[in-house]
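Here is the structure we will look at, set down as structure tokens.
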Amino acid sequence: MLIDGHGRIIDYVRLAVTDRCNLRCFYCMPEEGIDFVQRKELLSYEEIIRVVTLLSEEGVSKVRITGGEPFLRKDIMSLLRSISELPLIDKIAITTNGTLTEKHLDELVVLGIDSFNLSIDSIDAQRFQEITRRDSFETVWSCYKVMLAKGLELKLNCVVMANRNIADLIPMVELGRKSKVSIRFIEEMPFNGEGSHYQRLEWDYAKILSHLTEHFGEVEKLQDTQGSTSLNYRVPGFTGSFGIIPAYTRSFCGSCNRLRLTPDGTIKTCLYDDGVFNIKNIIRAGATDAELMLAIKEAIAHKAKDGFVAEQSRNGKGIVSESMATIGG
Ligand code: SAM
Ligand code: SF4
């Protein structure tokens, strides 16, 4: 078992398989993109499988594939097929922007991959385009409809932004009136390739919740699952639910169960740290499985107590300003 210095069990790994993306969500990366990782610097599929296999032997049972946009990585389905064959991995989930996903859904379901976080920050085509800087709303909406029709475990990720998509909050919760979908409102974090957009985050967890309860009245608090980052609610009588992720407020760190692997092989033990070590470098220097595991365990043992401590201990890169596409959310 992987246990950190604060007694938290690490059983979940998030793999950002690429930092490239075909959208340019303004809260994630600048219009001109970022300094993308060179192909040879990407962790190869073979290297990813080796690391995930080792982690699974130490108790990691859940994998999330994210990015950048995971379906932009060449032959991503072959990686997903391989991960789905790992005997100790019980759950594979994917976070995607839905632009390239729909055509893979049938095969994904056959592989047992039926848990998706679909990012959609507005259900108004014009606002969607202003936020993502691309004209892809219809494609993403079609993907949403197909996911729903297939009965997949579906969460919609919506980053809440002052002056951008506040008008969407209520219509998005309304999607759950008759559909089994969970809308997750995420506090905006400064991971946008430029630095913070705000002096102070106005649309935090409390403000989002009060905006929704003003409209819907009393909402029912749902039981949060172990390691969940969202506080979940249901409007009485609705089929679906909604959650709020205090990603900036960081009130969920006490139950954190995750480890992150970035596209170039950097191991992160906290979203807010600036990387603990690069596993690709030690793999390519010939490390044995035992040496890899020792390095991972050492990193986990020193996992920061919370995101504030991790942010304060960033060395070199100073304040948070890298793109979320290099971290995977
Ligand atoms: N491209 C895929 C997508 O958008 O779903 C996967 C990668 S994206 C980095 C993962 C999640 O991080 C998305 O739901 C996105 O909305 C969220 N995200 C990106 N930048 C963020 C930021 N600055 N603050 C909060 N969430 C952010
Ligand atoms: Fe791309 Fe996802 Fe970042 Fe948007 S949030 S730019 S879709 S990686």
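Following the order of the structure tokens, first chain is A, next is B, and so on, with residues numbered from 1 inside each chain and ligands from 1 in the order they appear.
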
Do you know which residues are within 8 Å of ligand 1 using only C-alpha atoms and all ligand atoms? Can you write them as a PDB file with N, CA and C atoms, in the first residue's frame?
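Contents of the output file out.pdb:
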ATOM      1  N   ALA A  16      -1.724  12.460 -17.344  1.00  0.00           N
ATOM      2  CA  ALA A  16      -1.894  13.445 -18.422  1.00  0.00           C
ATOM      3  C   ALA A  16      -1.034  12.930 -19.579  1.00  0.00           C
ATOM      4  N   CYS A  21      -3.568  20.393 -27.185  1.00  0.00           N
ATOM      5  CA  CYS A  21      -5.019  20.499 -27.181  1.00  0.00           C
ATOM      6  C   CYS A  21      -5.501  21.215 -28.427  1.00  0.00           C
ATOM      7  N   LEU A  23      -8.444  22.832 -28.300  1.00  0.00           N
ATOM      8  CA  LEU A  23      -9.181  24.008 -27.832  1.00  0.00           C
ATOM      9  C   LEU A  23      -8.180  24.930 -27.121  1.00  0.00           C
ATOM     10  N   CYS A  25      -9.126  26.951 -24.130  1.00  0.00           N
ATOM     11  CA  CYS A  25      -9.915  27.502 -23.026  1.00  0.00           C
ATOM     12  C   CYS A  25      -9.082  28.579 -22.326  1.00  0.00           C
ATOM     13  N   TYR A  27      -8.989  29.897 -19.530  1.00  0.00           N
ATOM     14  CA  TYR A  27      -8.537  29.673 -18.155  1.00  0.00           C
ATOM     15  C   TYR A  27      -7.450  28.609 -18.088  1.00  0.00           C
ATOM     16  N   CYS A  28      -7.138  27.982 -19.220  1.00  0.00           N
ATOM     17  CA  CYS A  28      -6.172  26.866 -19.237  1.00  0.00           C
ATOM     18  C   CYS A  28      -4.901  27.180 -20.015  1.00  0.00           C
ATOM     19  N   MET A  29      -5.042  27.810 -21.171  1.00  0.00           N
ATOM     20  CA  MET A  29      -3.818  28.175 -21.893  1.00  0.00           C
ATOM     21  C   MET A  29      -4.038  29.385 -22.795  1.00  0.00           C
ATOM     22  N   THR A  66      -6.131  11.861 -18.843  1.00  0.00           N
ATOM     23  CA  THR A  66      -6.463  13.250 -19.061  1.00  0.00           C
ATOM     24  C   THR A  66      -5.369  13.889 -19.906  1.00  0.00           C
ATOM     25  N   GLY A  67      -5.323  15.194 -19.941  1.00  0.00           N
ATOM     26  CA  GLY A  67      -4.296  15.853 -20.744  1.00  0.00           C
ATOM     27  C   GLY A  67      -4.256  17.325 -20.358  1.00  0.00           C
ATOM     28  N   GLY A  68      -3.985  18.151 -21.345  1.00  0.00           N
ATOM     29  CA  GLY A  68      -4.268  18.252 -22.743  1.00  0.00           C
ATOM     30  C   GLY A  68      -5.507  17.435 -23.140  1.00  0.00           C
ATOM     31  N   GLU A  69      -5.680  17.306 -24.419  1.00  0.00           N
ATOM     32  CA  GLU A  69      -6.812  16.503 -24.857  1.00  0.00           C
ATOM     33  C   GLU A  69      -6.316  15.090 -25.149  1.00  0.00           C
ATOM     34  N   PRO A  70      -6.714  14.110 -24.319  1.00  0.00           N
ATOM     35  CA  PRO A  70      -6.146  12.763 -24.465  1.00  0.00           C
ATOM     36  C   PRO A  70      -6.349  12.155 -25.848  1.00  0.00           C
ATOM     37  N   THR A  95     -11.048  12.137 -18.714  1.00  0.00           N
ATOM     38  CA  THR A  95     -11.504  13.530 -18.783  1.00  0.00           C
ATOM     39  C   THR A  95     -11.196  14.025 -20.185  1.00  0.00           C
ATOM     40  N   THR A  96     -12.210  14.545 -20.856  1.00  0.00           N
ATOM     41  CA  THR A  96     -12.052  14.904 -22.271  1.00  0.00           C
ATOM     42  C   THR A  96     -12.863  16.139 -22.608  1.00  0.00           C
ATOM     43  N   ASN A  97     -12.418  16.849 -23.653  1.00  0.00           N
ATOM     44  CA  ASN A  97     -13.208  18.001 -24.092  1.00  0.00           C
ATOM     45  C   ASN A  97     -14.296  17.592 -25.082  1.00  0.00           C
ATOM     46  N   GLY A  98     -14.359  16.315 -25.459  1.00  0.00           N
ATOM     47  CA  GLY A  98     -15.468  15.812 -26.262  1.00  0.00           C
ATOM     48  C   GLY A  98     -15.418  16.146 -27.751  1.00  0.00           C
ATOM     49  N   ASN A 117     -15.596  12.374 -17.623  1.00  0.00           N
ATOM     50  CA  ASN A 117     -15.818  13.768 -17.258  1.00  0.00           C
ATOM     51  C   ASN A 117     -15.702  14.547 -18.557  1.00  0.00           C
ATOM     52  N   LEU A 118     -16.795  15.126 -18.966  1.00  0.00           N
ATOM     53  CA  LEU A 118     -16.827  15.882 -20.217  1.00  0.00           C
ATOM     54  C   LEU A 118     -16.789  17.362 -19.845  1.00  0.00           C
ATOM     55  N   SER A 119     -15.801  18.067 -20.380  1.00  0.00           N
ATOM     56  CA  SER A 119     -15.680  19.486 -20.016  1.00  0.00           C
ATOM     57  C   SER A 119     -16.531  20.326 -20.940  1.00  0.00           C
ATOM     58  N   ILE A 120     -17.421  21.077 -20.347  1.00  0.00           N
ATOM     59  CA  ILE A 120     -18.296  21.948 -21.135  1.00  0.00           C
ATOM     60  C   ILE A 120     -18.668  23.122 -20.223  1.00  0.00           C
ATOM     61  N   ASP A 121     -18.134  24.272 -20.542  1.00  0.00           N
ATOM     62  CA  ASP A 121     -18.275  25.416 -19.644  1.00  0.00           C
ATOM     63  C   ASP A 121     -19.478  26.274 -19.948  1.00  0.00           C
ATOM     64  N   LEU A 156     -20.258  16.418 -16.008  1.00  0.00           N
ATOM     65  CA  LEU A 156     -19.891  17.559 -16.842  1.00  0.00           C
ATOM     66  C   LEU A 156     -19.040  18.497 -15.993  1.00  0.00           C
ATOM     67  N   ASN A 157     -17.840  18.817 -16.472  1.00  0.00           N
ATOM     68  CA  ASN A 157     -16.974  19.743 -15.739  1.00  0.00           C
ATOM     69  C   ASN A 157     -17.208  21.156 -16.261  1.00  0.00           C
ATOM     70  N   CYS A 158     -17.500  22.060 -15.374  1.00  0.00           N
ATOM     71  CA  CYS A 158     -17.745  23.445 -15.777  1.00  0.00           C
ATOM     72  C   CYS A 158     -16.959  24.377 -14.859  1.00  0.00           C
ATOM     73  N   VAL A 159     -15.976  25.059 -15.411  1.00  0.00           N
ATOM     74  CA  VAL A 159     -15.211  26.023 -14.627  1.00  0.00           C
ATOM     75  C   VAL A 159     -16.048  27.303 -14.548  1.00  0.00           C
ATOM     76  N   ILE A 186     -16.456  23.996 -11.036  1.00  0.00           N
ATOM     77  CA  ILE A 186     -15.082  24.022 -10.522  1.00  0.00           C
ATOM     78  C   ILE A 186     -14.646  25.471 -10.297  1.00  0.00           C
ATOM     79  N   GLU A 187     -14.092  25.745  -9.117  1.00  0.00           N
ATOM     80  CA  GLU A 187     -13.509  27.071  -8.904  1.00  0.00           C
ATOM     81  C   GLU A 187     -12.325  27.238  -9.855  1.00  0.00           C
ATOM     82  N   GLU A 188     -12.223  28.403 -10.440  1.00  0.00           N
ATOM     83  CA  GLU A 188     -11.098  28.635 -11.366  1.00  0.00           C
ATOM     84  C   GLU A 188      -9.789  28.737 -10.592  1.00  0.00           C
ATOM     85  N   MET A 189      -8.775  28.067 -11.105  1.00  0.00           N
ATOM     86  CA  MET A 189      -7.435  28.114 -10.507  1.00  0.00           C
ATOM     87  C   MET A 189      -6.505  28.887 -11.438  1.00  0.00           C
ATOM     88  N   PRO A 190      -5.369  29.351 -10.947  1.00  0.00           N
ATOM     89  CA  PRO A 190      -4.514  30.195 -11.799  1.00  0.00           C
ATOM     90  C   PRO A 190      -3.627  29.414 -12.794  1.00  0.00           C
ATOM     91  N   PHE A 191      -4.018  28.165 -13.098  1.00  0.00           N
ATOM     92  CA  PHE A 191      -3.194  27.356 -14.016  1.00  0.00           C
ATOM     93  C   PHE A 191      -3.577  27.634 -15.474  1.00  0.00           C
ATOM     94  N   ASN A 192      -3.132  28.764 -15.989  1.00  0.00           N
ATOM     95  CA  ASN A 192      -3.579  29.144 -17.329  1.00  0.00           C
ATOM     96  C   ASN A 192      -2.430  29.554 -18.246  1.00  0.00           C
ATOM     97  N   ALA A 247     -11.580  23.953  -5.800  1.00  0.00           N
ATOM     98  CA  ALA A 247     -10.209  23.685  -6.243  1.00  0.00           C
ATOM     99  C   ALA A 247      -9.248  24.792  -5.845  1.00  0.00           C
ATOM    100  N   TYR A 248      -9.773  26.015  -5.753  1.00  0.00           N
ATOM    101  CA  TYR A 248      -8.938  27.154  -5.374  1.00  0.00           C
ATOM    102  C   TYR A 248      -8.915  27.310  -3.842  1.00  0.00           C
ATOM    103  N   SER A 323       0.227  25.915 -17.455  1.00  0.00           N
ATOM    104  CA  SER A 323      -1.083  25.552 -17.992  1.00  0.00           C
ATOM    105  C   SER A 323      -1.576  24.257 -17.355  1.00  0.00           C
ATOM    106  N   MET A 324      -2.883  24.193 -17.115  1.00  0.00           N
ATOM    107  CA  MET A 324      -3.470  22.962 -16.584  1.00  0.00           C
ATOM    108  C   MET A 324      -3.275  21.808 -17.573  1.00  0.00           C
ATOM    109  N   ALA A 325      -3.074  22.139 -18.841  1.00  0.00           N
ATOM    110  CA  ALA A 325      -2.878  21.090 -19.844  1.00  0.00           C
ATOM    111  C   ALA A 325      -1.603  20.289 -19.584  1.00  0.00           C
ATOM    112  N   THR A 326      -0.669  20.838 -18.816  1.00  0.00           N
ATOM    113  CA  THR A 326       0.536  20.071 -18.502  1.00  0.00           C
ATOM    114  C   THR A 326       0.346  19.228 -17.244  1.00  0.00           C
ATOM    115  N   ILE A 327      -0.770  19.454 -16.560  1.00  0.00           N
ATOM    116  CA  ILE A 327      -0.996  18.784 -15.264  1.00  0.00           C
ATOM    117  C   ILE A 327      -2.128  17.767 -15.357  1.00  0.00           C
ATOM    118  N   GLY A 328      -3.146  18.120 -16.132  1.00  0.00           N
ATOM    119  CA  GLY A 328      -4.270  17.189 -16.319  1.00  0.00           C
ATOM    120  C   GLY A 328      -5.465  17.465 -15.435  1.00  0.00           C
ATOM    121  N   GLY A 329      -5.461  18.562 -14.704  1.00  0.00           N
ATOM    122  CA  GLY A 329      -6.625  18.901 -13.886  1.00  0.00           C
ATOM    123  C   GLY A 329      -6.589  18.193 -12.553  1.00  0.00           C
TER     124      GLY A 329
END

So that I can check the surroundings of A:Val320, please list as a PDB file with C-alpha atoms, in the first residue's frame every protein, DNA and RNA residue that reaches within 12 Å of it, counting only C-alpha atoms and ignoring chain neighbours fewer than 3 positions away.
ATOM      1  CA  MET A 189      -7.435  28.114 -10.507  1.00  0.00           C
ATOM      2  CA  PRO A 190      -4.514  30.195 -11.799  1.00  0.00           C
ATOM      3  CA  PHE A 191      -3.194  27.356 -14.016  1.00  0.00           C
ATOM      4  CA  ASN A 192      -3.579  29.144 -17.329  1.00  0.00           C
ATOM      5  CA  GLY A 193      -0.050  29.642 -18.642  1.00  0.00           C
ATOM      6  CA  GLU A 194      -0.121  33.299 -17.600  1.00  0.00           C
ATOM      7  CA  GLY A 195      -0.881  33.669 -13.875  1.00  0.00           C
ATOM      8  CA  SER A 196      -3.953  34.635 -11.920  1.00  0.00           C
ATOM      9  CA  HIS A 197      -6.900  36.280 -13.670  1.00  0.00           C
ATOM     10  CA  TYR A 248      -8.938  27.154  -5.374  1.00  0.00           C
ATOM     11  CA  LEU A 271      -1.807  19.656  -8.029  1.00  0.00           C
ATOM     12  CA  TYR A 272      -0.106  22.727  -6.570  1.00  0.00           C
ATOM     13  CA  ASP A 273       3.456  21.396  -6.336  1.00  0.00           C
ATOM     14  CA  ASP A 274       5.884  22.010  -9.171  1.00  0.00           C
ATOM     15  CA  GLY A 275       6.845  18.381  -9.663  1.00  0.00           C
ATOM     16  CA  GLY A 307      -2.269  22.549  -1.557  1.00  0.00           C
ATOM     17  CA  PHE A 308      -1.193  25.658   0.376  1.00  0.00           C
ATOM     18  CA  ALA A 310       2.663  22.524  -1.713  1.00  0.00           C
ATOM     19  CA  GLU A 311       2.332  25.954  -3.303  1.00  0.00           C
ATOM     20  CA  GLN A 312       4.594  27.557  -0.694  1.00  0.00           C
ATOM     21  CA  SER A 313       7.275  24.934  -1.253  1.00  0.00           C
ATOM     22  CA  ARG A 314       7.457  25.376  -5.036  1.00  0.00           C
ATOM     23  CA  ASN A 315      11.032  25.968  -5.974  1.00  0.00           C
ATOM     24  CA  GLY A 316      12.360  27.467  -9.161  1.00  0.00           C
ATOM     25  CA  LYS A 317       9.095  28.195 -10.885  1.00  0.00           C
ATOM     26  CA  SER A 323      -1.083  25.552 -17.992  1.00  0.00           C
ATOM     27  CA  MET A 324      -3.470  22.962 -16.584  1.00  0.00           C
ATOM     28  CA  ILE A 327      -0.996  18.784 -15.264  1.00  0.00           C
TER      29      ILE A 327
END

Residue nearest A:Leu175 - candidates A:Leu43, A:Ile34, A:Ile131, A:Ile123, atoms counted: only C-alpha atoms: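 So, comparing all the options, the nearest one is A:Ile123.
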
Point-to-point distance in Å for atom CA of A:Tyr198 and atom CA of A:Glu130: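 For atom CA of A:Glu130 relative to atom CA of A:Tyr198, the distance reads 18.4 Å.
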
All residues 6 Å or closer to A:Ile94, only C-alpha atoms, same chain fewer than 2 positions away omitted, as a PyMOL selection string: chain A and resi 64-65+116

File dump, residues just selected, C-alpha atoms, as an mmCIF file, in the first residue's frame:
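Saved to result-v1.cif:
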data_model
loop_
_atom_site.group_PDB
_atom_site.id
_atom_site.type_symbol
_atom_site.label_atom_id
_atom_site.label_comp_id
_atom_site.auth_asym_id
_atom_site.auth_seq_id
_atom_site.Cartn_x
_atom_site.Cartn_y
_atom_site.Cartn_z
ATOM 1 C CA ARG A 64 -7.777 8.663 -14.976
ATOM 2 C CA ILE A 65 -6.631 9.519 -18.482
ATOM 3 C CA PHE A 116 -16.316 10.202 -18.337
#

Contacts of A:Val37 within 9 Å, only C-alpha atoms, excl. fewer than 3 positions in-chain, as a list in words: Thr18, Asp19, Arg20, Lys40, Glu41, Leu42, Pro263, Asp264 and Thr326 of chain A

Backbone-only DSSP, alpha helix (DSSP H) members of stretch 23-204 of chain A, as a PyMOL selection string: chain A and resi 45-57+76-84+105-110+125-132+137-149+169-174

Strand (DSSP E) call set, DSSP backbone run, stretch 124-234 of chain A, as a PDB file with N, CA, C and O atoms, in the first residue's frame:
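Saved as part-v3.pdb:
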ATOM      1  N   GLU A 153     -21.452   6.630 -17.108  1.00  0.00           N
ATOM      2  CA  GLU A 153     -21.310   7.388 -15.861  1.00  0.00           C
ATOM      3  C   GLU A 153     -20.730   8.740 -16.273  1.00  0.00           C
ATOM      4  O   GLU A 153     -19.566   8.828 -16.687  1.00  0.00           O
ATOM      5  N   LEU A 154     -21.546   9.768 -16.196  1.00  0.00           N
ATOM      6  CA  LEU A 154     -21.185  11.028 -16.849  1.00  0.00           C
ATOM      7  C   LEU A 154     -21.206  12.214 -15.899  1.00  0.00           C
ATOM      8  O   LEU A 154     -22.197  12.475 -15.225  1.00  0.00           O
ATOM      9  N   LYS A 155     -20.063  12.925 -15.911  1.00  0.00           N
ATOM     10  CA  LYS A 155     -19.990  14.185 -15.159  1.00  0.00           C
ATOM     11  C   LYS A 155     -19.631  15.282 -16.140  1.00  0.00           C
ATOM     12  O   LYS A 155     -18.777  15.066 -17.020  1.00  0.00           O
ATOM     13  N   LEU A 156     -20.258  16.418 -16.008  1.00  0.00           N
ATOM     14  CA  LEU A 156     -19.891  17.559 -16.842  1.00  0.00           C
ATOM     15  C   LEU A 156     -19.040  18.497 -15.993  1.00  0.00           C
ATOM     16  O   LEU A 156     -19.465  18.897 -14.907  1.00  0.00           O
ATOM     17  N   ASN A 157     -17.840  18.817 -16.472  1.00  0.00           N
ATOM     18  CA  ASN A 157     -16.974  19.743 -15.739  1.00  0.00           C
ATOM     19  C   ASN A 157     -17.208  21.156 -16.261  1.00  0.00           C
ATOM     20  O   ASN A 157     -17.093  21.395 -17.467  1.00  0.00           O
ATOM     21  N   CYS A 158     -17.500  22.060 -15.374  1.00  0.00           N
ATOM     22  CA  CYS A 158     -17.745  23.445 -15.777  1.00  0.00           C
ATOM     23  C   CYS A 158     -16.959  24.377 -14.859  1.00  0.00           C
ATOM     24  O   CYS A 158     -17.227  24.434 -13.657  1.00  0.00           O
ATOM     25  N   VAL A 159     -15.976  25.059 -15.411  1.00  0.00           N
ATOM     26  CA  VAL A 159     -15.211  26.023 -14.627  1.00  0.00           C
ATOM     27  C   VAL A 159     -16.048  27.303 -14.548  1.00  0.00           C
ATOM     28  O   VAL A 159     -16.537  27.789 -15.564  1.00  0.00           O
ATOM     29  N   VAL A 160     -16.230  27.792 -13.333  1.00  0.00           N
ATOM     30  CA  VAL A 160     -17.115  28.952 -13.137  1.00  0.00           C
ATOM     31  C   VAL A 160     -16.288  30.239 -13.202  1.00  0.00           C
ATOM     32  O   VAL A 160     -15.299  30.391 -12.484  1.00  0.00           O
ATOM     33  N   SER A 182     -24.186  14.359 -13.710  1.00  0.00           N
ATOM     34  CA  SER A 182     -23.751  15.164 -12.581  1.00  0.00           C
ATOM     35  C   SER A 182     -22.966  16.358 -13.125  1.00  0.00           C
ATOM     36  O   SER A 182     -22.001  16.185 -13.870  1.00  0.00           O
ATOM     37  N   ILE A 183     -23.405  17.553 -12.777  1.00  0.00           N
ATOM     38  CA  ILE A 183     -22.703  18.756 -13.232  1.00  0.00           C
ATOM     39  C   ILE A 183     -21.752  19.155 -12.121  1.00  0.00           C
ATOM     40  O   ILE A 183     -22.158  19.264 -10.965  1.00  0.00           O
ATOM     41  N   ARG A 184     -20.489  19.358 -12.452  1.00  0.00           N
ATOM     42  CA  ARG A 184     -19.527  19.738 -11.413  1.00  0.00           C
ATOM     43  C   ARG A 184     -18.967  21.113 -11.701  1.00  0.00           C
ATOM     44  O   ARG A 184     -18.305  21.307 -12.733  1.00  0.00           O
ATOM     45  N   PHE A 185     -19.272  22.046 -10.822  1.00  0.00           N
ATOM     46  CA  PHE A 185     -18.796  23.411 -10.988  1.00  0.00           C
ATOM     47  C   PHE A 185     -17.440  23.526 -10.290  1.00  0.00           C
ATOM     48  O   PHE A 185     -17.306  23.186  -9.112  1.00  0.00           O
ATOM     49  N   ILE A 186     -16.456  23.996 -11.036  1.00  0.00           N
ATOM     50  CA  ILE A 186     -15.082  24.022 -10.522  1.00  0.00           C
ATOM     51  C   ILE A 186     -14.646  25.471 -10.297  1.00  0.00           C
ATOM     52  O   ILE A 186     -14.831  26.316 -11.191  1.00  0.00           O
ATOM     53  N   GLU A 187     -14.092  25.745  -9.117  1.00  0.00           N
ATOM     54  CA  GLU A 187     -13.509  27.071  -8.904  1.00  0.00           C
ATOM     55  C   GLU A 187     -12.325  27.238  -9.855  1.00  0.00           C
ATOM     56  O   GLU A 187     -11.513  26.315  -9.999  1.00  0.00           O
ATOM     57  N   GLU A 220     -30.580  19.083  -1.506  1.00  0.00           N
ATOM     58  CA  GLU A 220     -30.254  17.948  -0.635  1.00  0.00           C
ATOM     59  C   GLU A 220     -28.745  17.686  -0.715  1.00  0.00           C
ATOM     60  O   GLU A 220     -28.195  17.596  -1.806  1.00  0.00           O
ATOM     61  N   LYS A 221     -28.070  17.588   0.435  1.00  0.00           N
ATOM     62  CA  LYS A 221     -26.636  17.284   0.430  1.00  0.00           C
ATOM     63  C   LYS A 221     -26.465  15.784   0.243  1.00  0.00           C
ATOM     64  O   LYS A 221     -27.069  14.993   0.962  1.00  0.00           O
ATOM     65  N   LEU A 231     -18.221  18.611  -3.500  1.00  0.00           N
ATOM     66  CA  LEU A 231     -19.292  18.537  -2.505  1.00  0.00           C
ATOM     67  C   LEU A 231     -20.558  18.446  -3.323  1.00  0.00           C
ATOM     68  O   LEU A 231     -20.808  19.305  -4.182  1.00  0.00           O
ATOM     69  N   ASN A 232     -21.337  17.394  -3.077  1.00  0.00           N
ATOM     70  CA  ASN A 232     -22.407  17.053  -4.028  1.00  0.00           C
ATOM     71  C   ASN A 232     -23.805  17.276  -3.463  1.00  0.00           C
ATOM     72  O   ASN A 232     -24.056  17.054  -2.279  1.00  0.00           O
ATOM     73  N   TYR A 233     -24.700  17.681  -4.362  1.00  0.00           N
ATOM     74  CA  TYR A 233     -26.067  18.046  -3.980  1.00  0.00           C
ATOM     75  C   TYR A 233     -27.047  17.550  -5.038  1.00  0.00           C
ATOM     76  O   TYR A 233     -26.668  17.288  -6.180  1.00  0.00           O
ATOM     77  N   ARG A 234     -28.318  17.503  -4.611  1.00  0.00           N
ATOM     78  CA  ARG A 234     -29.386  17.206  -5.569  1.00  0.00           C
ATOM     79  C   ARG A 234     -30.544  18.170  -5.323  1.00  0.00           C
ATOM     80  O   ARG A 234     -30.919  18.433  -4.181  1.00  0.00           O
TER      81      ARG A 234
END

Within 10 Å of A:Leu152 using only C-alpha atoms, minus same-chain residues under 3 positions, as a list of chain:residue names: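 Once the adjacent positions are removed, what remains is A:Leu105, A:Val109, A:Ile113, A:Asp114, A:Ser115, A:Phe116, A:Val146, A:Met147, A:Leu148, A:Ala149, A:Lys155, A:Lys180, A:Val181.
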
Using C-alpha atoms, can you write the selected residues to a file as a PDB file, in the first residue's frame?
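Full text of part-v7.pdb as output:
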ATOM      1  CA  LEU A 105     -17.266   5.386 -27.340  1.00  0.00           C
ATOM      2  CA  VAL A 109     -17.548   0.644 -23.456  1.00  0.00           C
ATOM      3  CA  ILE A 113     -14.315   2.245 -19.751  1.00  0.00           C
ATOM      4  CA  ASP A 114     -17.607   3.963 -19.079  1.00  0.00           C
ATOM      5  CA  SER A 115     -16.791   6.809 -16.708  1.00  0.00           C
ATOM      6  CA  PHE A 116     -16.316  10.202 -18.337  1.00  0.00           C
ATOM      7  CA  VAL A 146     -24.459  10.111 -27.227  1.00  0.00           C
ATOM      8  CA  MET A 147     -22.829   9.588 -23.817  1.00  0.00           C
ATOM      9  CA  LEU A 148     -26.181  10.165 -22.179  1.00  0.00           C
ATOM     10  CA  ALA A 149     -27.997   7.822 -24.559  1.00  0.00           C
ATOM     11  CA  LYS A 155     -19.990  14.185 -15.159  1.00  0.00           C
ATOM     12  CA  LYS A 180     -28.711  11.022 -15.011  1.00  0.00           C
ATOM     13  CA  VAL A 181     -25.838  13.462 -15.225  1.00  0.00           C
TER      14      VAL A 181
END

Distance criterion (only C-alpha atoms): nearest to A:Cys270 out of A:Val110, A:Ala304, A:Leu222, A:Leu292: A:Ala304
